[in-house]
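Raw target_7.cif, mmCIF, C-alpha atoms and all ligand atoms:
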data_query
#
loop_
_atom_site.label_atom_id
_atom_site.label_comp_id
_atom_site.auth_asym_id
_atom_site.auth_seq_id
_atom_site.Cartn_x
_atom_site.Cartn_y
_atom_site.Cartn_z
CA MET B 1 14.26 31.47 28.83
CA ARG B 2 15.01 29.21 25.90
CA ARG B 3 16.58 30.87 22.89
CA VAL B 4 14.81 29.80 19.70
CA SER B 5 15.09 30.58 15.98
CA VAL B 6 12.62 29.62 13.28
CA PHE B 7 13.85 29.26 9.71
CA GLY B 8 10.92 29.31 7.28
CA ALA B 9 8.77 31.14 9.85
CA THR B 10 6.23 32.37 7.27
CA GLY B 11 5.43 28.89 5.96
CA SER B 12 3.01 26.26 7.12
CA ILE B 13 5.39 24.58 9.60
CA GLY B 14 6.86 27.91 10.64
CA GLN B 15 3.44 29.32 11.47
CA SER B 16 2.48 26.25 13.50
CA THR B 17 5.78 26.59 15.38
CA LEU B 18 5.14 30.27 16.12
CA ASP B 19 1.64 29.38 17.27
CA LEU B 20 3.15 27.14 19.98
CA ILE B 21 5.89 29.59 20.92
CA GLY B 22 3.43 32.49 20.99
CA ARG B 23 1.29 30.67 23.56
CA ALA B 24 4.11 30.84 26.12
CA PRO B 25 6.03 34.04 25.32
CA GLU B 26 7.54 34.11 28.81
CA ALA B 27 9.32 30.81 28.10
CA TYR B 28 11.11 31.82 24.89
CA HIS B 29 13.55 34.41 23.67
CA VAL B 30 13.13 34.57 19.89
CA VAL B 31 16.50 35.08 18.24
CA ALA B 32 15.89 34.91 14.47
CA LEU B 33 12.83 34.54 12.30
CA THR B 34 13.38 33.98 8.59
CA GLY B 35 11.09 33.97 5.59
CA GLY B 36 11.10 34.41 1.86
CA ARG B 37 8.76 36.72 -0.03
CA ASN B 38 6.06 37.11 2.61
CA VAL B 39 7.78 40.05 4.24
CA LYS B 40 4.59 41.47 5.76
CA LYS B 41 3.94 38.30 7.77
CA LEU B 42 7.61 38.01 8.72
CA ALA B 43 7.70 41.55 10.11
CA GLU B 44 4.37 41.13 11.88
CA ASP B 45 5.57 37.98 13.65
CA ALA B 46 8.97 39.45 14.44
CA ARG B 47 7.25 42.39 16.14
CA ARG B 48 4.70 40.21 17.95
CA LEU B 49 7.37 37.86 19.31
CA ASN B 50 10.01 40.55 19.78
CA ALA B 51 12.65 38.78 17.69
CA GLU B 52 16.26 39.98 17.59
CA ILE B 53 16.45 39.78 13.81
CA ALA B 54 14.20 39.06 10.80
CA VAL B 55 15.80 37.76 7.62
CA THR B 56 14.32 37.29 4.16
CA GLY B 57 16.06 34.87 1.80
CA TYR B 58 15.70 37.38 -1.05
CA GLU B 59 17.78 40.56 -1.25
CA ALA B 60 15.12 42.28 -3.36
CA CYS B 61 12.73 42.00 -0.40
CA LEU B 62 15.02 43.84 2.04
CA PRO B 63 13.65 47.39 1.53
CA ALA B 64 10.10 46.19 2.20
CA LEU B 65 11.24 44.27 5.29
CA LYS B 66 13.11 47.30 6.64
CA GLU B 67 10.08 49.47 6.09
CA ALA B 68 7.79 46.98 7.81
CA LEU B 69 10.14 46.85 10.82
CA ALA B 70 10.79 50.59 11.02
CA GLY B 71 10.83 51.88 14.59
CA SER B 72 10.73 48.39 16.13
CA GLY B 73 14.45 48.09 16.91
CA ILE B 74 14.43 44.66 15.22
CA GLU B 75 17.33 44.08 12.84
CA ALA B 76 16.54 43.28 9.20
CA ALA B 77 18.74 41.39 6.77
CA ALA B 78 18.45 39.55 3.46
CA GLY B 79 20.08 36.93 1.25
CA GLU B 80 21.73 33.54 1.62
CA GLN B 81 24.68 34.89 3.59
CA ALA B 82 22.34 36.68 6.00
CA LEU B 83 20.49 33.37 6.58
CA LEU B 84 23.82 31.74 7.50
CA GLU B 85 24.71 34.60 9.81
CA ALA B 86 21.32 34.30 11.49
CA ALA B 87 22.05 30.57 11.95
CA ASP B 88 25.33 31.51 13.64
CA ARG B 89 23.46 33.22 16.46
CA PRO B 90 23.45 30.77 19.36
CA THR B 91 20.12 29.17 20.26
CA ASP B 92 18.94 26.28 22.36
CA TRP B 93 16.42 25.19 19.72
CA THR B 94 16.16 25.93 16.00
CA MET B 95 13.35 24.98 13.64
CA SER B 96 14.50 24.12 10.12
CA ALA B 97 11.41 24.70 7.97
CA ILE B 98 12.59 26.45 4.82
CA PHE B 99 11.18 24.56 1.86
CA GLY B 100 13.60 22.59 -0.28
CA ALA B 101 17.38 22.28 -0.54
CA ALA B 102 17.62 26.01 0.36
CA GLY B 103 17.12 24.86 3.96
CA LEU B 104 20.24 22.68 4.02
CA ALA B 105 23.01 25.24 4.55
CA PRO B 106 21.30 27.28 7.33
CA GLY B 107 20.36 24.08 9.16
CA LEU B 108 23.90 22.73 8.93
CA ARG B 109 25.30 26.02 10.13
CA SER B 110 23.02 26.14 13.16
CA LEU B 111 24.45 22.81 14.36
CA ARG B 112 27.75 24.53 15.09
CA HIS B 113 26.53 26.00 18.35
CA GLY B 114 25.52 22.59 19.63
CA GLY B 115 21.82 23.19 20.32
CA THR B 116 18.83 21.22 19.06
CA LEU B 117 17.80 21.29 15.42
CA ALA B 118 14.14 20.41 14.89
CA LEU B 119 14.20 19.16 11.33
CA ALA B 120 11.08 19.64 9.24
CA ASN B 121 13.24 20.19 6.18
CA LYS B 122 13.40 16.58 4.99
CA GLU B 123 15.37 17.71 1.95
CA SER B 124 18.40 18.17 4.26
CA LEU B 125 18.47 14.45 5.04
CA VAL B 126 17.63 13.33 1.50
CA THR B 127 20.27 15.63 0.02
CA ALA B 128 23.02 15.31 2.61
CA GLY B 129 22.00 12.95 5.42
CA PRO B 130 25.45 11.68 6.44
CA LEU B 131 26.89 15.22 6.33
CA LEU B 132 24.13 16.66 8.52
CA LEU B 133 24.33 13.91 11.13
CA SER B 134 28.12 13.89 11.27
CA GLU B 135 28.13 17.67 11.69
CA ALA B 136 25.64 17.32 14.55
CA ALA B 137 27.81 14.67 16.23
CA LYS B 138 30.92 16.80 15.78
CA HIS B 139 29.37 19.75 17.60
CA GLY B 140 27.36 17.82 20.18
CA ALA B 141 24.09 19.06 18.62
CA LYS B 142 20.85 17.09 18.64
CA VAL B 143 18.70 16.60 15.54
CA LEU B 144 15.03 15.81 16.17
CA PRO B 145 12.57 14.74 13.49
CA VAL B 146 9.52 16.91 12.82
CA ASP B 147 7.97 15.05 9.92
CA SER B 148 4.95 13.41 11.56
CA GLU B 149 5.93 9.89 10.44
CA HIS B 150 9.50 10.21 11.69
CA SER B 151 8.41 11.83 14.92
CA ALA B 152 6.05 8.85 15.32
CA VAL B 153 8.89 6.36 14.76
CA PHE B 154 11.11 8.34 17.13
CA GLN B 155 8.41 8.23 19.81
CA ALA B 156 7.79 4.49 19.28
CA LEU B 157 11.51 3.89 19.81
CA VAL B 158 11.73 5.61 23.20
CA GLY B 159 13.25 3.10 25.62
CA GLU B 160 13.72 0.48 22.89
CA ASP B 161 16.89 -1.08 21.53
CA ILE B 162 17.00 -0.18 17.83
CA ALA B 163 18.71 -3.53 17.17
CA HIS B 164 15.36 -5.19 17.94
CA VAL B 165 13.57 -3.34 15.13
CA GLU B 166 12.63 -5.56 12.20
CA ARG B 167 10.73 -3.04 10.13
CA VAL B 168 9.29 0.41 10.05
CA ILE B 169 6.03 1.26 8.32
CA ILE B 170 5.30 4.85 7.40
CA THR B 171 1.78 5.68 6.33
CA ALA B 172 0.62 7.73 3.37
CA SER B 173 -2.81 9.25 2.87
CA GLY B 174 -2.55 8.81 -0.90
CA GLY B 175 -2.94 12.56 -1.43
CA ALA B 176 -5.44 14.58 -3.38
CA LEU B 177 -5.73 12.20 -6.33
CA ARG B 178 -5.91 8.90 -4.50
CA SER B 179 -9.38 8.06 -5.77
CA TRP B 180 -8.69 9.06 -9.37
CA PRO B 181 -8.47 6.27 -11.93
CA LYS B 182 -4.86 5.78 -13.01
CA GLU B 183 -5.68 6.58 -16.65
CA LYS B 184 -6.91 10.04 -15.63
CA LEU B 185 -3.80 11.06 -13.67
CA ALA B 186 -2.06 12.46 -16.76
CA THR B 187 -4.71 15.19 -16.92
CA ALA B 188 -4.37 16.31 -13.27
CA THR B 189 -3.88 20.07 -12.91
CA VAL B 190 -2.04 22.00 -10.23
CA ALA B 191 -5.38 22.84 -8.59
CA ASP B 192 -6.40 19.16 -8.60
CA ALA B 193 -3.14 18.10 -6.93
CA SER B 194 -3.16 20.95 -4.40
CA ALA B 195 -6.19 19.94 -2.35
CA HIS B 196 -5.05 17.59 0.40
CA PRO B 197 -7.86 15.52 1.95
CA ASN B 198 -6.48 15.55 5.54
CA TRP B 199 -3.54 17.86 6.14
CA ASP B 200 -3.42 21.62 5.79
CA MET B 201 0.10 22.12 4.38
CA GLY B 202 2.07 24.33 1.99
CA GLN B 203 1.21 23.94 -1.72
CA ARG B 204 4.47 22.27 -2.74
CA ILE B 205 4.31 19.49 -0.15
CA THR B 206 0.61 18.98 -0.94
CA ILE B 207 1.43 18.34 -4.60
CA ASP B 208 4.32 16.11 -3.49
CA SER B 209 1.78 14.13 -1.48
CA ALA B 210 -0.43 13.62 -4.52
CA SER B 211 2.54 12.37 -6.57
CA MET B 212 3.85 10.39 -3.56
CA PHE B 213 7.20 12.16 -3.94
CA ASN B 214 6.70 13.35 -0.38
CA LYS B 215 6.51 9.73 0.80
CA ALA B 216 9.46 8.81 -1.41
CA MET B 217 11.47 11.54 0.32
CA GLU B 218 10.32 10.22 3.68
CA LEU B 219 11.55 6.71 2.88
CA ILE B 220 15.01 8.12 2.26
CA GLU B 221 14.70 10.35 5.31
CA ALA B 222 13.90 7.30 7.48
CA LYS B 223 16.92 5.45 6.17
CA GLU B 224 19.21 8.40 6.78
CA PHE B 225 17.87 9.46 10.16
CA PHE B 226 17.48 6.09 11.88
CA GLY B 227 20.00 4.07 9.86
CA PHE B 228 17.48 1.39 8.78
CA ARG B 229 18.21 -0.73 5.72
CA PRO B 230 16.03 0.12 2.68
CA ASP B 231 14.31 -3.30 2.87
CA GLN B 232 13.22 -2.56 6.45
CA ILE B 233 11.18 0.53 5.50
CA GLU B 234 7.67 0.10 4.11
CA VAL B 235 4.85 2.39 3.00
CA LEU B 236 1.24 1.69 3.90
CA VAL B 237 -1.68 3.64 2.46
CA HIS B 238 -3.90 4.89 5.27
CA PRO B 239 -6.48 7.42 4.04
CA GLN B 240 -7.43 8.78 7.48
CA SER B 241 -3.84 9.95 8.31
CA LEU B 242 -4.28 9.12 12.01
CA VAL B 243 -1.75 6.31 12.37
CA HIS B 244 1.46 8.06 11.38
CA ALA B 245 3.91 5.19 11.57
CA LEU B 246 4.37 1.73 13.04
CA VAL B 247 7.53 0.09 14.30
CA GLY B 248 7.76 -3.70 14.12
CA PHE B 249 9.99 -5.48 16.64
CA ASN B 250 11.61 -8.91 16.56
CA ASP B 251 8.97 -10.37 18.89
CA GLY B 252 6.24 -9.55 16.38
CA ALA B 253 4.94 -6.48 18.23
CA LEU B 254 3.91 -3.47 16.17
CA MET B 255 3.98 -0.15 18.01
CA ALA B 256 1.71 2.32 16.24
CA HIS B 257 1.67 6.05 16.81
CA VAL B 258 -1.86 7.46 16.54
CA GLY B 259 -2.61 11.15 16.65
CA PRO B 260 -4.56 13.97 14.99
CA SER B 261 -3.45 15.29 11.60
CA ASP B 262 -2.03 18.45 13.10
CA MET B 263 1.65 19.24 12.69
CA ARG B 264 1.66 21.04 16.03
CA HIS B 265 1.84 17.60 17.63
CA ALA B 266 5.18 16.63 16.05
CA ILE B 267 6.51 20.20 16.34
CA GLY B 268 5.45 20.37 19.99
CA TYR B 269 7.06 17.00 20.71
CA ALA B 270 10.35 18.29 19.30
CA LEU B 271 9.96 21.60 21.14
CA ASN B 272 9.39 19.98 24.54
CA TRP B 273 11.59 16.89 24.13
CA PRO B 274 12.62 15.00 26.20
CA GLU B 275 9.55 16.07 28.20
CA ARG B 276 5.96 15.97 27.04
CA ALA B 277 3.86 19.08 27.52
CA HIS B 278 0.22 19.95 26.99
CA LEU B 279 -0.49 20.70 23.32
CA PRO B 280 -3.54 22.46 21.85
CA VAL B 281 -4.38 19.65 19.43
CA GLU B 282 -7.55 17.64 19.00
CA ARG B 283 -8.04 14.60 21.25
CA LEU B 284 -9.10 11.71 19.05
CA ASP B 285 -12.35 9.90 19.73
CA LEU B 286 -11.61 6.52 18.18
CA ALA B 287 -15.10 5.18 18.89
CA LYS B 288 -16.50 8.05 16.84
CA ILE B 289 -13.95 7.53 14.07
CA GLY B 290 -14.93 3.87 14.11
CA GLN B 291 -12.75 2.59 11.32
CA LEU B 292 -9.16 2.88 10.16
CA ASP B 293 -8.33 1.65 6.66
CA PHE B 294 -5.05 0.35 5.30
CA ALA B 295 -3.95 -0.76 1.83
CA ALA B 296 -0.74 -1.69 0.07
CA PRO B 297 0.67 1.09 -2.13
CA ASP B 298 0.24 0.79 -5.90
CA PHE B 299 3.78 1.15 -7.25
CA GLU B 300 2.51 1.70 -10.81
CA ARG B 301 0.35 4.60 -9.73
CA TRP B 302 3.20 6.07 -7.67
CA PRO B 303 6.54 5.41 -9.43
CA ALA B 304 8.23 7.86 -7.03
CA LEU B 305 8.25 5.09 -4.40
CA THR B 306 10.24 2.75 -6.62
CA LEU B 307 12.64 5.56 -7.48
CA ALA B 308 13.22 6.17 -3.77
CA HIS B 309 14.17 2.53 -3.29
CA HIS B 310 16.69 2.75 -6.13
CA VAL B 311 18.12 5.93 -4.60
CA MET B 312 18.49 4.28 -1.18
CA GLU B 313 20.22 1.26 -2.71
CA ARG B 314 22.63 3.39 -4.77
CA GLY B 315 23.62 5.96 -2.14
CA GLY B 316 26.35 8.49 -2.88
CA LEU B 317 24.92 11.66 -4.42
CA SER B 318 21.78 9.90 -5.65
CA GLY B 319 19.66 11.54 -2.94
CA THR B 320 20.98 14.99 -3.87
CA ILE B 321 20.13 14.41 -7.53
CA PHE B 322 16.75 12.91 -6.70
CA ASN B 323 15.76 15.91 -4.60
CA ALA B 324 17.05 18.52 -7.05
CA ALA B 325 15.33 16.82 -10.00
CA LYS B 326 12.13 16.48 -7.95
CA GLU B 327 12.14 20.18 -6.98
CA THR B 328 12.71 21.18 -10.61
CA ALA B 329 9.99 18.82 -11.83
CA LEU B 330 7.61 20.35 -9.30
CA ASP B 331 8.51 23.90 -10.45
CA LEU B 332 7.86 22.85 -14.05
CA PHE B 333 4.54 21.23 -13.16
CA ILE B 334 3.41 24.32 -11.23
CA ALA B 335 4.46 26.49 -14.20
CA GLY B 336 2.34 24.32 -16.51
CA GLU B 337 5.37 23.15 -18.52
CA ILE B 338 5.04 19.44 -17.78
CA GLY B 339 2.17 17.19 -16.79
CA PHE B 340 1.52 15.55 -13.43
CA GLN B 341 2.95 12.17 -14.40
CA ASP B 342 5.88 13.75 -16.20
CA MET B 343 7.32 14.68 -12.80
CA ALA B 344 8.27 11.06 -12.01
CA ARG B 345 9.38 10.44 -15.60
CA LEU B 346 11.66 13.45 -15.44
CA VAL B 347 13.20 12.49 -12.11
CA GLU B 348 13.81 8.97 -13.39
CA ARG B 349 15.47 10.26 -16.55
CA VAL B 350 17.76 12.58 -14.60
CA LEU B 351 18.75 9.80 -12.19
CA GLN B 352 19.43 7.38 -15.05
CA ASN B 353 21.50 10.01 -16.75
CA PHE B 354 23.74 10.45 -13.69
CA TRP B 355 23.86 6.73 -12.92
CA ALA B 356 25.09 6.07 -16.46
CA GLU B 357 27.51 8.98 -16.73
CA GLU B 358 28.82 9.27 -13.19
CA PRO B 359 28.52 5.85 -11.59
CA SER B 360 31.17 6.49 -8.96
CA ALA B 361 29.58 9.71 -7.67
CA THR B 362 26.14 8.14 -7.45
CA ASN B 363 27.07 4.75 -6.08
CA GLY B 364 28.60 5.54 -2.73
CA HIS B 365 28.97 3.65 0.47
CA ASN B 366 26.15 4.25 2.87
CA ASN B 367 26.95 6.99 5.36
CA ALA B 368 29.89 8.35 3.36
CA VAL B 369 30.10 12.05 4.19
CA ILE B 370 30.06 14.17 1.03
CA PRO B 371 31.21 17.79 1.54
CA LEU B 372 28.65 20.58 1.24
CA GLU B 373 30.37 22.13 -1.83
CA ASN B 374 30.13 18.86 -3.82
CA THR B 375 26.55 18.39 -2.71
CA LEU B 376 25.52 21.89 -3.79
CA GLU B 377 27.42 21.50 -7.08
CA TYR B 378 25.55 18.31 -7.95
CA ASP B 379 22.29 19.86 -6.79
CA GLN B 380 22.79 22.65 -9.35
CA ILE B 381 23.89 20.33 -12.17
CA ALA B 382 20.88 18.08 -11.59
CA ARG B 383 18.51 21.07 -11.79
CA ILE B 384 20.08 22.18 -15.08
CA ARG B 385 19.93 18.65 -16.47
CA ALA B 386 16.28 18.31 -15.47
CA ARG B 387 15.43 21.51 -17.38
CA GLU B 388 17.37 20.25 -20.40
CA ILE B 389 15.57 16.91 -20.41
CA ALA B 390 12.05 18.22 -19.67
CA PRO B 391 11.20 19.37 -23.23
CA GLU B 392 11.99 15.85 -24.51
CA LEU B 393 9.19 14.46 -22.33
CA THR B 394 6.52 16.76 -23.66
CA ALA B 395 7.84 16.41 -27.24
CA GLY B 396 7.64 12.64 -26.99
P1 LIG V 1 5.90 26.39 2.96
O1 LIG V 1 6.04 26.51 1.50
O2 LIG V 1 4.58 26.62 3.60
O3 LIG V 1 6.93 27.40 3.67
C1 LIG V 1 8.28 27.43 3.29
C2 LIG V 1 9.03 28.47 4.04
O4 LIG V 1 10.34 28.60 3.48
C3 LIG V 1 8.42 29.88 3.99
O5 LIG V 1 8.77 30.57 5.15
C4 LIG V 1 9.12 30.48 2.77
O6 LIG V 1 9.07 31.89 2.76
C5 LIG V 1 10.53 29.96 3.01
N1 LIG V 1 11.36 29.88 1.82
C6 LIG V 1 11.06 29.27 0.64
N2 LIG V 1 12.08 29.38 -0.21
C7 LIG V 1 13.06 30.05 0.45
C8 LIG V 1 14.39 30.48 0.12
N3 LIG V 1 14.91 30.23 -1.09
N4 LIG V 1 15.10 31.13 1.05
C9 LIG V 1 14.57 31.39 2.26
N5 LIG V 1 13.34 31.02 2.64
C10 LIG V 1 12.60 30.37 1.75
O7 LIG V 1 6.50 24.97 3.35
P2 LIG V 1 6.07 24.00 4.53
O8 LIG V 1 6.00 24.74 5.81
O9 LIG V 1 4.92 23.19 4.08
O10 LIG V 1 7.32 23.01 4.56
C11 LIG V 1 8.58 23.41 5.10
C12 LIG V 1 9.44 22.17 5.24
O11 LIG V 1 8.81 21.29 6.15
C13 LIG V 1 9.61 21.39 3.94
O12 LIG V 1 10.88 20.85 3.90
C14 LIG V 1 8.57 20.29 4.04
O13 LIG V 1 8.92 19.13 3.34
C15 LIG V 1 8.58 20.02 5.53
N6 LIG V 1 7.36 19.46 6.10
C16 LIG V 1 6.18 20.13 5.97
C17 LIG V 1 5.01 19.61 6.50
C18 LIG V 1 3.72 20.37 6.45
O14 LIG V 1 2.74 19.93 7.06
N7 LIG V 1 3.63 21.50 5.78
C19 LIG V 1 5.00 18.31 7.17
C20 LIG V 1 6.30 17.72 7.30
C21 LIG V 1 7.43 18.27 6.76
P3 LIG V 1 7.86 32.75 2.09
O15 LIG V 1 6.62 31.94 2.24
O16 LIG V 1 7.87 33.99 2.91
O17 LIG V 1 8.23 32.99 0.67
#

Hey, can you dump this file as structure tokens for me?
Amino acid sequence: MRRVSVFGATGSIGQSTLDLIGRAPEAYHVVALTGGRNVKKLAEDARRLNAEIAVTGYEACLPALKEALAGSGIEAAAGEQALLEAADRPTDWTMSAIFGAAGLAPGLRSLRHGGTLALANKESLVTAGPLLLSEAAKHGAKVLPVDSEHSAVFQALVGEDIAHVERVIITASGGALRSWPKEKLATATVADASAHPNWDMGQRITIDSASMFNKAMELIEAKEFFGFRPDQIEVLVHPQSLVHALVGFNDGALMAHVGPSDMRHAIGYALNWPERAHLPVERLDLAKIGQLDFAAPDFERWPALTLAHHVMERGGLSGTIFNAAKETALDLFIAGEIGFQDMARLVERVLQNFWAEEPSATNGHNNAVIPLENTLEYDQIARIRAREIAPELTAG
């Protein structure tokens, strides 16, 4: 039996992961399931899959979790330290699907026992890519991509020499507001930005898709994970979300990965790797689909893409600051404190602020490993700075 843990089990990726695991209960021993505030779901799944332990990230949720698990024999725990302790429990395979930078420390910790980390939490690579990968190498652990675009690139590279790659193209649906006129974007509400045309995802990533911050994060993720140069990574708008990525080789060939918009494909690939196994996802009928559309991204409409390129060029702690400012901007947008387009303005202002005031910290050599404490410190400072700057945007 394979020992598995799922961090962020109550979320969109977590639930898709449990769907796959739950279809073959005889094949898996579930070690830890973690969640946040959705304690009812967490306890339900822990009981159904007979987990060793269920952990909520929030101490205030512990009494409710204990009550929901009463009589089951399943351990209950809460808080950041408890998440780390759950990550210390040896597994063969761990899913990292907590949303945001909160997923970094548990994911890093789980690498210590040398298993496989299936990484949905792109923030880990954006915030601390070199640290995560060096920690994996140190402990003989394997990191596998779960983001559909990166899983697609990973699959297109099987059996290939990465030195022959000229470019990588990751596709973007354009998100909920792709057909809106640019002039109207300033008026977009949280509800407008939360309705993804193709993917059924968590609310935060859906809004990030509409602002293209999700794609911006994925550009940085591609650079960190595969080691491509920033000028080798392109974005292509593809409204149908069926071609997830393309890899261009030095003989002119483009290898495209085509598949349904169902995250269980990329999760299942990471779960079964290096084998392929049957997955309960739709089989595409391309004749019926008939047409696939592609367009160049509009960098004026989506300034997040340009910011990502600056972040990749600068290196150092720029990715940490970018992610922290982006998460804060998203919180402020959801709370109705800033507008849709203010999110990119705010992230840009925070980055400029750090680039001007702390050039050495935000202009590092690529792949320099920055310790976790420094990373978390800058993450916190960037969040505070973003909240300080935000009122200036709405005032002006
Ligand atoms: P969701 O918001 O649906 O779920 C997030 C999960 O993290 C939930 O289990 C939530 O708990 C938990 N969580 C949130 N904050 C904390 C915290 N502070 N401490 C502990 N647990 C916490 O997110 P998604 O599943 O959409 O995304 C998860 C990750 O996967 C993200 O990094 C995202 O970028 C990435 N990803 C997602 C894709 C998708 O299709 N959704 C596609 C590719 C990547 P609770 O809900 O109980 O509060």

Of the candidates B:His265, B:His113, B:Lys288, B:His150, which one gets nearest to Val247 (chain B) if we count only C-alpha atoms?
B:His150

Neighbouring residues of ligand LIG 1 (chain V) are defined here as those with any atom at most 6 Å from a ligand atom, counting only C-alpha atoms and all ligand atoms; list them as a list in words.
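Here is the list of contacting residues: Gly8, Ala9, Thr10, Gly11, Ser12, Ile13, Gly14, Gly35, Gly36, Arg37, Asn38, Gly57, Ala97, Ile98, Phe99, Gly100, Ala102, Ala120, Asn121, Lys122, Glu123, Asp147, Met201, Gly202, Ile205 and Met263 of chain B.
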
Residues near Pro230 (chain B), cut-off 9 Å, only C-alpha atoms, skip fewer than 4 positions along chain, as a PyMOL selection string:
chain B and resi 219-220+222-223+234+309+312-313

So which one's closest to Thr91 (chain B), B:Gly115, B:Gly79, B:Pro274, B:Pro260? Using all atoms listed in the file, please.
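That would be B:Gly115, the residue with the smallest distance to Thr91 (chain B).
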
Pairwise distance for CA of Thr375 (chain B) and CA of Leu125 (chain B), rounded to one decimal in Å
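These atoms are spaced 11.9 Å apart.
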
Work out how far CA of Ile338 (chain B) is from CA of Val235 (chain B), in Å to one decimal.
26.9 Å

In file coordinates, which residues lie within 9 Å of (7.8, 20.2, -9.7) using only C-alpha atoms, given as a ChimeraX atom specification?
/B:204,207-208,325-335,338,340,343

Would you pick out the contacts of Val4 (chain B) at 6 Å or less, using only C-alpha atoms, so that residues sharing its chain but fewer than 3 positions from it are not included, and give the list as a PyMOL selection string?
chain B and resi 30-31+91+93-94

Quick one: residues within 7 Å of region 381-388 of chain B, all atoms listed in the file, excluding same-chain residues fewer than 3 positions away - as a VMD selection string?
chain B and resid 321 324 to 325 328 346 350 377 to 378 391

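For the pair CA of Ile53 (chain B) and CA of Ala86 (chain B), the separation is 7.7 Å.
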
Which of these, B:Gln341, B:Gly103, B:Gln155, B:Met255, has the shortest distance to Ala186 (chain B) once you count only C-alpha atoms?
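Looking at the shortest contact to Ala186 (chain B), the residue is B:Gln341.
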
So that all listed atoms of region 339-358 of chain B fit with 3 Å spare on each side, what axis-aligned box centre and edge lengths in Å, to one decimal, would you give as AutoDock Vina command-line options?
--center_x 15.2 --center_y 11.6 --center_z -14.4 --size_x 33.3 --size_y 17.1 --size_z 10.8

Between B:His278, B:His139, B:Arg264, B:Arg48, which residue has the minimum interatomic distance to Ser16 (chain B), considering only C-alpha atoms?
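For Ser16 (chain B), the nearest of the given residues is B:Arg264.
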
Test item: residues at most 10 Å from Leu111 (chain B), all atoms listed in the file, excluding those fewer than 6 positions along its chain, as an NGL selection string:
:B and (87-88 or 90-91 or 93-94 or 117 or 132-133 or 135-143)
